[in-house]
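Here's the structure we're looking at; comments come further down.
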Amino acid sequence: MLRAVQPWPRTEEEALAVQDALRSRVVHEDGPRAPTTVAGLDVAYSADDRRLAAAVVVLNTADLSIADTAVVRGVPAFPYVPGLFAFREVPALMDALDRLTVRPDVLICDGHGLAHPRRFGLAAHLGVLTDLPSFGVGKTRLVGDWEPVGEQRGARSPLIDSGETVGAVLRTQSGVKPVFVSAGHRIGLERACGLTLRLAPRYRLPETTRVADRACRDSLS
DNA sequence: GCGACAG
DNA sequence: ATCTTGTCGC
């Protein structure tokens, strides 16, 4: 299906304006049903940073089997600027999403959702553009502070920024560095954390992210 | 002025 | 993100 490409911001000022306009479209309430399929999204870059590959993999929630995969190659759409990261990867990720044949019930992004200086990270951005439930699982923090997290798998600590809870620091594997989970669009933090744990039965990162990471890195080399 | 800063 | 080997520990 042909999708009109909206003008893409070329300056930080323009990008901030876009975030400001889209931010109000975020739906914070949980969806009614548990997801049957979950999508993992990730992007890999060439060494010179001039090319990239974006992957979306759809897994069946029940057994984590692969239901669909889409990988596209392209170029970064924006320089890397903390807080404006989405403008770099969203066009390629949207292209990949367009090529799916199986519609995912939720998007799981590598990065943050509401745990963002303006509460509109990559996961929230993709959620609004697709109107699909979405959340982010990041490996490192962008904003927020938290109390030490228990060492056992499943332990978590609220991620707090400017007095508000913007996500959770979640231990997916006992004794392993925790991940940063934050809601994006049409999903709550509780469900996001529960899904993350279910999708990470053995490793630190959810299988969605791991499979997507492999797919885009393979396509690049 | 000095750190912090998703991928 | 990416550049990169071995090494410590279960």
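Residues are named by chain letter and number: chains run A, B, ... in the order of the structure tokens, numbers start at 1 in each chain, and ligands are numbered from 1 in the order shown.
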
Please identify every residue of chain A that has at least one atom no farther than 7 Å from an atom of chain C, counting only C-alpha atoms (C1' of nucleotides), and for each give the shortest atom pair and the distance in Å to one decimal, arranged by chain then increasing number, as a Markdown table.
```
| residue | atom | partner | partner_atom | distance |
| --- | --- | --- | --- | --- |
| A:Ala44 | CA | C:DA1 | C1' | 6.8 |
| A:Tyr45 | CA | C:DA1 | C1' | 6.0 |
| A:Ala47 | CA | C:DT2 | C1' | 5.6 |
```

Using N, CA, C and O atoms, can you export the residues from the last selection as a PDB file, in the first residue's frame?
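As a result, part_0.pdb now contains:
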```
ATOM      1  N   ALA A  44      20.252  -1.432  12.627  1.00  0.00           N
ATOM      2  CA  ALA A  44      21.713  -1.586  12.686  1.00  0.00           C
ATOM      3  C   ALA A  44      22.337  -0.591  11.720  1.00  0.00           C
ATOM      4  O   ALA A  44      21.742  -0.260  10.688  1.00  0.00           O
ATOM      5  N   TYR A  45      23.541  -0.124  12.066  1.00  0.00           N
ATOM      6  CA  TYR A  45      24.215   0.884  11.241  1.00  0.00           C
ATOM      7  C   TYR A  45      25.521   0.361  10.670  1.00  0.00           C
ATOM      8  O   TYR A  45      26.185  -0.471  11.290  1.00  0.00           O
ATOM      9  N   ALA A  47      29.476   0.843   9.611  1.00  0.00           N
ATOM     10  CA  ALA A  47      30.565   1.427  10.392  1.00  0.00           C
ATOM     11  C   ALA A  47      30.706   2.923  10.121  1.00  0.00           C
ATOM     12  O   ALA A  47      31.000   3.698  11.033  1.00  0.00           O
TER      13      ALA A  47
END
```

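The residues of chain B lying at most 8 Å from chain A, with only C-alpha atoms (C1' of nucleotides) taken into account, are B:DC5, B:DA6, B:DG7.
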
Filtering to all heavy atoms, could you give me those residues as a compact mmCIF listing (two decimals), in the first residue's frame?
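The resulting file, again-v4.txt, is shown below:
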```txt
# COMPACT_ATOMS: atom_id res chain seq x y z
P DC B 5 23.97 9.77 31.50
OP1 DC B 5 22.94 8.92 32.13
OP2 DC B 5 25.35 9.30 31.36
O5' DC B 5 23.44 10.19 30.06
C5' DC B 5 22.10 10.62 29.91
C4' DC B 5 21.88 11.06 28.48
O4' DC B 5 22.41 12.39 28.28
C3' DC B 5 22.55 10.17 27.43
O3' DC B 5 21.61 9.77 26.45
C2' DC B 5 23.59 11.05 26.79
C1' DC B 5 22.98 12.43 26.99
N1 DC B 5 23.96 13.55 26.93
C2 DC B 5 23.52 14.82 26.55
O2 DC B 5 22.33 15.01 26.36
N3 DC B 5 24.45 15.80 26.41
C4 DC B 5 25.74 15.54 26.65
N4 DC B 5 26.60 16.54 26.48
C5 DC B 5 26.18 14.26 27.07
C6 DC B 5 25.26 13.30 27.20
P DA B 6 21.91 8.50 25.55
OP1 DA B 6 22.89 7.65 26.27
OP2 DA B 6 22.23 9.04 24.24
O5' DA B 6 20.56 7.69 25.43
C5' DA B 6 20.20 6.76 26.44
C4' DA B 6 19.22 5.76 25.87
O4' DA B 6 18.06 6.46 25.39
C3' DA B 6 19.74 4.97 24.68
O3' DA B 6 19.15 3.69 24.70
C2' DA B 6 19.24 5.77 23.50
C1' DA B 6 17.87 6.17 24.02
N9 DA B 6 17.28 7.34 23.39
C8 DA B 6 17.89 8.52 23.01
N7 DA B 6 17.05 9.39 22.48
C5 DA B 6 15.82 8.75 22.52
C6 DA B 6 14.54 9.13 22.12
N6 DA B 6 14.26 10.31 21.59
N1 DA B 6 13.54 8.24 22.29
C2 DA B 6 13.83 7.05 22.85
N3 DA B 6 14.99 6.57 23.27
C4 DA B 6 15.96 7.49 23.08
P DG B 7 19.96 2.43 24.26
OP1 DG B 7 19.15 1.27 24.64
OP2 DG B 7 21.32 2.62 24.82
O5' DG B 7 20.04 2.50 22.68
C5' DG B 7 18.83 2.43 21.92
C4' DG B 7 19.17 2.70 20.44
O4' DG B 7 19.57 4.07 20.28
C3' DG B 7 20.31 1.86 19.93
O3' DG B 7 19.83 0.87 19.00
C2' DG B 7 21.27 2.76 19.23
C1' DG B 7 20.72 4.16 19.44
N9 DG B 7 21.71 4.93 20.16
C8 DG B 7 21.87 5.05 21.52
N7 DG B 7 22.92 5.74 21.85
C5 DG B 7 23.50 6.11 20.64
C6 DG B 7 24.67 6.86 20.36
O6 DG B 7 25.46 7.36 21.17
N1 DG B 7 24.89 6.99 19.00
C2 DG B 7 24.08 6.48 18.02
N2 DG B 7 24.45 6.70 16.77
N3 DG B 7 22.98 5.77 18.26
C4 DG B 7 22.75 5.62 19.59
```

- Report the distance between CA of Ala53 (chain A) and CA of Asp95 (chain A) in Å, rounded to one decimal place. 10.7 Å

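Backbone DSSP of region 157-216 of chain A yields strand (DSSP E) at Ser157, Pro158, Leu159, Ile160, Asp161, Glu164, Thr165, Val166, Gly167, Ala168, Val169, Leu170, Val179, Phe180, Val181, Ser182, Ala183, Gly184 and His185 of chain A.
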
Selected residues written out with C-alpha atoms, as a JSON list (two decimals), in the first residue's frame:
```json
[["chain", "number", "residue", "atom", "x", "y", "z"],
["A", 157, "SER", "CA", 11.98, -0.07, 40.67],
["A", 158, "PRO", "CA", 10.02, 2.96, 39.44],
["A", 159, "LEU", "CA", 11.89, 5.22, 37.02],
["A", 160, "ILE", "CA", 11.16, 8.75, 38.17],
["A", 161, "ASP", "CA", 11.78, 11.97, 36.29],
["A", 164, "GLU", "CA", 6.65, 11.50, 37.88],
["A", 165, "THR", "CA", 6.96, 7.81, 37.19],
["A", 166, "VAL", "CA", 7.91, 7.52, 33.54],
["A", 167, "GLY", "CA", 8.82, 3.85, 33.46],
["A", 168, "ALA", "CA", 10.35, 0.96, 35.37],
["A", 169, "VAL", "CA", 13.83, -0.41, 35.82],
["A", 170, "LEU", "CA", 13.16, -4.11, 35.45],
["A", 179, "VAL", "CA", 16.44, -2.94, 31.45],
["A", 180, "PHE", "CA", 14.40, 0.25, 31.20],
["A", 181, "VAL", "CA", 10.74, -0.32, 30.33],
["A", 182, "SER", "CA", 8.39, 2.53, 29.50],
["A", 183, "ALA", "CA", 4.93, 2.68, 28.01],
["A", 184, "GLY", "CA", 4.49, 4.14, 24.56],
["A", 185, "HIS", "CA", 0.93, 4.21, 23.20]]
```

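Between CA of Ala67 (chain A) and CA of Ala96 (chain A) the interatomic distance comes to 14.7 Å.
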
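CA of Val57 (chain A) is positioned 18.5 Å from CA of His125 (chain A).
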
What residues in chain A get the DSSP label helix (DSSP H, G or I)? Please answer as a PDB file with N, CA and C atoms, in the first residue's frame.
```pdb
ATOM      1  N   GLU A  12      16.709  20.688  14.375  1.00  0.00           N
ATOM      2  CA  GLU A  12      16.246  20.303  15.703  1.00  0.00           C
ATOM      3  C   GLU A  12      14.981  21.070  16.078  1.00  0.00           C
ATOM      4  N   GLU A  13      14.941  22.287  15.674  1.00  0.00           N
ATOM      5  CA  GLU A  13      13.768  23.117  15.967  1.00  0.00           C
ATOM      6  C   GLU A  13      12.506  22.521  15.339  1.00  0.00           C
ATOM      7  N   GLU A  14      12.625  22.082  14.082  1.00  0.00           N
ATOM      8  CA  GLU A  14      11.475  21.472  13.402  1.00  0.00           C
ATOM      9  C   GLU A  14      11.084  20.155  14.069  1.00  0.00           C
ATOM     10  N   ALA A  15      12.085  19.378  14.449  1.00  0.00           N
ATOM     11  CA  ALA A  15      11.813  18.093  15.095  1.00  0.00           C
ATOM     12  C   ALA A  15      11.087  18.302  16.431  1.00  0.00           C
ATOM     13  N   LEU A  16      11.517  19.277  17.166  1.00  0.00           N
ATOM     14  CA  LEU A  16      10.864  19.575  18.450  1.00  0.00           C
ATOM     15  C   LEU A  16       9.409  19.969  18.224  1.00  0.00           C
ATOM     16  N   ALA A  17       9.160  20.697  17.155  1.00  0.00           N
ATOM     17  CA  ALA A  17       7.788  21.113  16.852  1.00  0.00           C
ATOM     18  C   ALA A  17       6.924  19.901  16.514  1.00  0.00           C
ATOM     19  N   VAL A  18       7.500  18.947  15.796  1.00  0.00           N
ATOM     20  CA  VAL A  18       6.762  17.735  15.446  1.00  0.00           C
ATOM     21  C   VAL A  18       6.436  16.948  16.713  1.00  0.00           C
ATOM     22  N   GLN A  19       7.408  16.807  17.584  1.00  0.00           N
ATOM     23  CA  GLN A  19       7.151  16.106  18.842  1.00  0.00           C
ATOM     24  C   GLN A  19       6.044  16.787  19.625  1.00  0.00           C
ATOM     25  N   ASP A  20       6.097  18.084  19.628  1.00  0.00           N
ATOM     26  CA  ASP A  20       5.101  18.839  20.375  1.00  0.00           C
ATOM     27  C   ASP A  20       3.706  18.626  19.808  1.00  0.00           C
ATOM     28  N   ALA A  21       3.633  18.487  18.483  1.00  0.00           N
ATOM     29  CA  ALA A  21       2.329  18.309  17.832  1.00  0.00           C
ATOM     30  C   ALA A  21       1.790  16.888  18.021  1.00  0.00           C
ATOM     31  N   LEU A  22       2.680  15.896  17.975  1.00  0.00           N
ATOM     32  CA  LEU A  22       2.238  14.499  18.047  1.00  0.00           C
ATOM     33  C   LEU A  22       2.024  14.011  19.476  1.00  0.00           C
ATOM     34  N   ARG A  23       2.675  14.659  20.399  1.00  0.00           N
ATOM     35  CA  ARG A  23       2.661  14.234  21.800  1.00  0.00           C
ATOM     36  C   ARG A  23       1.250  14.097  22.363  1.00  0.00           C
ATOM     37  N   SER A  24       0.383  14.997  21.955  1.00  0.00           N
ATOM     38  CA  SER A  24      -0.974  15.004  22.508  1.00  0.00           C
ATOM     39  C   SER A  24      -1.807  13.820  22.026  1.00  0.00           C
ATOM     40  N   ARG A  25      -1.311  13.115  21.018  1.00  0.00           N
ATOM     41  CA  ARG A  25      -2.085  11.995  20.475  1.00  0.00           C
ATOM     42  C   ARG A  25      -1.837  10.691  21.218  1.00  0.00           C
ATOM     43  N   ALA A  86      14.199   9.393  17.568  1.00  0.00           N
ATOM     44  CA  ALA A  86      13.174   8.789  16.700  1.00  0.00           C
ATOM     45  C   ALA A  86      13.276   9.291  15.255  1.00  0.00           C
ATOM     46  N   PHE A  87      13.663  10.534  15.085  1.00  0.00           N
ATOM     47  CA  PHE A  87      13.711  11.100  13.735  1.00  0.00           C
ATOM     48  C   PHE A  87      14.781  10.450  12.872  1.00  0.00           C
ATOM     49  N   ARG A  88      15.649   9.740  13.493  1.00  0.00           N
ATOM     50  CA  ARG A  88      16.712   9.037  12.790  1.00  0.00           C
ATOM     51  C   ARG A  88      16.215   7.713  12.207  1.00  0.00           C
ATOM     52  N   GLU A  89      15.389   7.012  12.984  1.00  0.00           N
ATOM     53  CA  GLU A  89      15.024   5.643  12.611  1.00  0.00           C
ATOM     54  C   GLU A  89      13.586   5.428  12.168  1.00  0.00           C
ATOM     55  N   VAL A  90      12.708   6.341  12.492  1.00  0.00           N
ATOM     56  CA  VAL A  90      11.288   6.128  12.196  1.00  0.00           C
ATOM     57  C   VAL A  90      10.969   5.881  10.713  1.00  0.00           C
ATOM     58  N   PRO A  91      11.532   6.644   9.782  1.00  0.00           N
ATOM     59  CA  PRO A  91      11.186   6.392   8.379  1.00  0.00           C
ATOM     60  C   PRO A  91      11.508   4.967   7.932  1.00  0.00           C
ATOM     61  N   ALA A  92      12.691   4.486   8.277  1.00  0.00           N
ATOM     62  CA  ALA A  92      13.071   3.124   7.886  1.00  0.00           C
ATOM     63  C   ALA A  92      12.188   2.095   8.591  1.00  0.00           C
ATOM     64  N   LEU A  93      11.899   2.324   9.852  1.00  0.00           N
ATOM     65  CA  LEU A  93      11.058   1.382  10.591  1.00  0.00           C
ATOM     66  C   LEU A  93       9.634   1.366  10.042  1.00  0.00           C
ATOM     67  N   MET A  94       9.139   2.529   9.638  1.00  0.00           N
ATOM     68  CA  MET A  94       7.798   2.572   9.043  1.00  0.00           C
ATOM     69  C   MET A  94       7.786   1.823   7.708  1.00  0.00           C
ATOM     70  N   ASP A  95       8.854   1.943   6.944  1.00  0.00           N
ATOM     71  CA  ASP A  95       8.955   1.190   5.689  1.00  0.00           C
ATOM     72  C   ASP A  95       8.893  -0.308   5.956  1.00  0.00           C
ATOM     73  N   ALA A  96       9.618  -0.729   6.973  1.00  0.00           N
ATOM     74  CA  ALA A  96       9.616  -2.155   7.310  1.00  0.00           C
ATOM     75  C   ALA A  96       8.225  -2.589   7.783  1.00  0.00           C
ATOM     76  N   LEU A  97       7.594  -1.773   8.597  1.00  0.00           N
ATOM     77  CA  LEU A  97       6.248  -2.100   9.093  1.00  0.00           C
ATOM     78  C   LEU A  97       5.265  -2.242   7.935  1.00  0.00           C
ATOM     79  N   ASP A  98       5.445  -1.420   6.918  1.00  0.00           N
ATOM     80  CA  ASP A  98       4.566  -1.471   5.754  1.00  0.00           C
ATOM     81  C   ASP A  98       4.659  -2.797   5.004  1.00  0.00           C
ATOM     82  N   LEU A 122      10.964   7.190  21.027  1.00  0.00           N
ATOM     83  CA  LEU A 122      10.730   6.386  19.824  1.00  0.00           C
ATOM     84  C   LEU A 122       9.488   5.499  19.904  1.00  0.00           C
ATOM     85  N   ALA A 123       9.303   4.813  21.020  1.00  0.00           N
ATOM     86  CA  ALA A 123       8.171   3.890  21.141  1.00  0.00           C
ATOM     87  C   ALA A 123       6.836   4.630  21.093  1.00  0.00           C
ATOM     88  N   ALA A 124       6.775   5.777  21.743  1.00  0.00           N
ATOM     89  CA  ALA A 124       5.535   6.565  21.712  1.00  0.00           C
ATOM     90  C   ALA A 124       5.302   7.110  20.304  1.00  0.00           C
ATOM     91  N   HIS A 125       6.366   7.528  19.670  1.00  0.00           N
ATOM     92  CA  HIS A 125       6.288   8.104  18.326  1.00  0.00           C
ATOM     93  C   HIS A 125       5.750   7.071  17.325  1.00  0.00           C
ATOM     94  N   LEU A 126       6.316   5.878  17.344  1.00  0.00           N
ATOM     95  CA  LEU A 126       5.870   4.825  16.434  1.00  0.00           C
ATOM     96  C   LEU A 126       4.449   4.386  16.764  1.00  0.00           C
ATOM     97  N   GLY A 127       4.114   4.389  18.041  1.00  0.00           N
ATOM     98  CA  GLY A 127       2.767   4.018  18.443  1.00  0.00           C
ATOM     99  C   GLY A 127       1.737   4.976  17.873  1.00  0.00           C
ATOM    100  N   VAL A 128       2.028   6.256  17.970  1.00  0.00           N
ATOM    101  CA  VAL A 128       1.090   7.267  17.467  1.00  0.00           C
ATOM    102  C   VAL A 128       0.966   7.181  15.936  1.00  0.00           C
ATOM    103  N   LEU A 129       2.099   7.027  15.252  1.00  0.00           N
ATOM    104  CA  LEU A 129       2.061   6.986  13.781  1.00  0.00           C
ATOM    105  C   LEU A 129       1.317   5.763  13.261  1.00  0.00           C
ATOM    106  N   THR A 130       1.405   4.641  13.960  1.00  0.00           N
ATOM    107  CA  THR A 130       0.736   3.416  13.513  1.00  0.00           C
ATOM    108  C   THR A 130      -0.590   3.196  14.219  1.00  0.00           C
ATOM    109  N   LEU A 189       2.131   0.602  31.937  1.00  0.00           N
ATOM    110  CA  LEU A 189       3.444   0.125  32.363  1.00  0.00           C
ATOM    111  C   LEU A 189       3.390  -1.301  32.897  1.00  0.00           C
ATOM    112  N   GLU A 190       2.306  -1.634  33.590  1.00  0.00           N
ATOM    113  CA  GLU A 190       2.184  -2.978  34.157  1.00  0.00           C
ATOM    114  C   GLU A 190       2.198  -4.042  33.075  1.00  0.00           C
ATOM    115  N   ARG A 191       1.383  -3.847  32.070  1.00  0.00           N
ATOM    116  CA  ARG A 191       1.318  -4.827  30.991  1.00  0.00           C
ATOM    117  C   ARG A 191       2.639  -4.879  30.226  1.00  0.00           C
ATOM    118  N   ALA A 192       3.263  -3.714  30.067  1.00  0.00           N
ATOM    119  CA  ALA A 192       4.548  -3.665  29.352  1.00  0.00           C
ATOM    120  C   ALA A 192       5.612  -4.470  30.099  1.00  0.00           C
ATOM    121  N   CYS A 193       5.626  -4.324  31.420  1.00  0.00           N
ATOM    122  CA  CYS A 193       6.606  -5.066  32.219  1.00  0.00           C
ATOM    123  C   CYS A 193       6.306  -6.570  32.185  1.00  0.00           C
ATOM    124  N   GLY A 194       5.032  -6.915  32.285  1.00  0.00           N
ATOM    125  CA  GLY A 194       4.649  -8.317  32.256  1.00  0.00           C
ATOM    126  C   GLY A 194       5.047  -8.971  30.939  1.00  0.00           C
ATOM    127  N   LEU A 195       4.806  -8.274  29.845  1.00  0.00           N
ATOM    128  CA  LEU A 195       5.161  -8.804  28.538  1.00  0.00           C
ATOM    129  C   LEU A 195       6.681  -8.938  28.394  1.00  0.00           C
ATOM    130  N   THR A 196       7.377  -7.933  28.866  1.00  0.00           N
ATOM    131  CA  THR A 196       8.833  -7.965  28.774  1.00  0.00           C
ATOM    132  C   THR A 196       9.392  -9.193  29.489  1.00  0.00           C
ATOM    133  N   LEU A 197       8.850  -9.464  30.659  1.00  0.00           N
ATOM    134  CA  LEU A 197       9.318 -10.638  31.404  1.00  0.00           C
ATOM    135  C   LEU A 197       8.998 -11.940  30.672  1.00  0.00           C
ATOM    136  N   ARG A 198       7.808 -11.993  30.106  1.00  0.00           N
ATOM    137  CA  ARG A 198       7.425 -13.213  29.393  1.00  0.00           C
ATOM    138  C   ARG A 198       8.301 -13.425  28.168  1.00  0.00           C
ATOM    139  N   LEU A 199       8.718 -12.314  27.545  1.00  0.00           N
ATOM    140  CA  LEU A 199       9.512 -12.411  26.314  1.00  0.00           C
ATOM    141  C   LEU A 199      11.007 -12.561  26.586  1.00  0.00           C
ATOM    142  N   GLU A 207      13.054 -11.541  23.491  1.00  0.00           N
ATOM    143  CA  GLU A 207      13.338 -12.256  22.249  1.00  0.00           C
ATOM    144  C   GLU A 207      13.007 -11.405  21.022  1.00  0.00           C
ATOM    145  N   THR A 208      11.983 -10.594  21.132  1.00  0.00           N
ATOM    146  CA  THR A 208      11.612  -9.725  20.020  1.00  0.00           C
ATOM    147  C   THR A 208      12.799  -8.867  19.586  1.00  0.00           C
ATOM    148  N   THR A 209      13.440  -8.252  20.563  1.00  0.00           N
ATOM    149  CA  THR A 209      14.586  -7.392  20.272  1.00  0.00           C
ATOM    150  C   THR A 209      15.757  -8.215  19.751  1.00  0.00           C
ATOM    151  N   ARG A 210      15.981  -9.354  20.330  1.00  0.00           N
ATOM    152  CA  ARG A 210      17.108 -10.199  19.926  1.00  0.00           C
ATOM    153  C   ARG A 210      16.965 -10.684  18.497  1.00  0.00           C
ATOM    154  N   VAL A 211      15.773 -11.116  18.137  1.00  0.00           N
ATOM    155  CA  VAL A 211      15.561 -11.613  16.776  1.00  0.00           C
ATOM    156  C   VAL A 211      15.644 -10.467  15.761  1.00  0.00           C
ATOM    157  N   ALA A 212      15.076  -9.329  16.120  1.00  0.00           N
ATOM    158  CA  ALA A 212      15.124  -8.168  15.217  1.00  0.00           C
ATOM    159  C   ALA A 212      16.563  -7.692  15.043  1.00  0.00           C
ATOM    160  N   ASP A 213      17.307  -7.689  16.126  1.00  0.00           N
ATOM    161  CA  ASP A 213      18.707  -7.264  16.078  1.00  0.00           C
ATOM    162  C   ASP A 213      19.500  -8.126  15.107  1.00  0.00           C
ATOM    163  N   ARG A 214      19.281  -9.401  15.179  1.00  0.00           N
ATOM    164  CA  ARG A 214      19.972 -10.322  14.289  1.00  0.00           C
ATOM    165  C   ARG A 214      19.595 -10.076  12.838  1.00  0.00           C
ATOM    166  N   ALA A 215      18.300  -9.893  12.615  1.00  0.00           N
ATOM    167  CA  ALA A 215      17.799  -9.714  11.248  1.00  0.00           C
ATOM    168  C   ALA A 215      18.400  -8.483  10.577  1.00  0.00           C
ATOM    169  N   CYS A 216      18.434  -7.361  11.264  1.00  0.00           N
ATOM    170  CA  CYS A 216      18.936  -6.147  10.617  1.00  0.00           C
ATOM    171  C   CYS A 216      20.454  -6.156  10.498  1.00  0.00           C
ATOM    172  N   ARG A 217      21.110  -6.773  11.445  1.00  0.00           N
ATOM    173  CA  ARG A 217      22.576  -6.833  11.355  1.00  0.00           C
ATOM    174  C   ARG A 217      23.011  -7.780  10.256  1.00  0.00           C
ATOM    175  N   ASP A 218      22.282  -8.843  10.048  1.00  0.00           N
ATOM    176  CA  ASP A 218      22.582  -9.761   8.950  1.00  0.00           C
ATOM    177  C   ASP A 218      22.417  -9.062   7.610  1.00  0.00           C
ATOM    178  N   SER A 219      21.366  -8.288   7.497  1.00  0.00           N
ATOM    179  CA  SER A 219      21.064  -7.603   6.239  1.00  0.00           C
ATOM    180  C   SER A 219      22.119  -6.556   5.894  1.00  0.00           C
ATOM    181  N   LEU A 220      22.750  -6.034   6.910  1.00  0.00           N
ATOM    182  CA  LEU A 220      23.731  -4.970   6.701  1.00  0.00           C
ATOM    183  C   LEU A 220      25.064  -5.536   6.227  1.00  0.00           C
TER     184      LEU A 220
END
```

- Residues near Val75 (chain A), cut-off 8 Å, only C-alpha atoms (C1' of nucleotides), skip fewer than 5 positions along chain, as an MDAnalysis selection string: chainID A and resid 50:52 92

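Comparing the minimum interatomic distances between Val27 (chain A) and each of A:Phe120, A:Trp146, A:Trp8, A:Tyr203, counting only C-alpha atoms, we find that A:Phe120 sits nearest.
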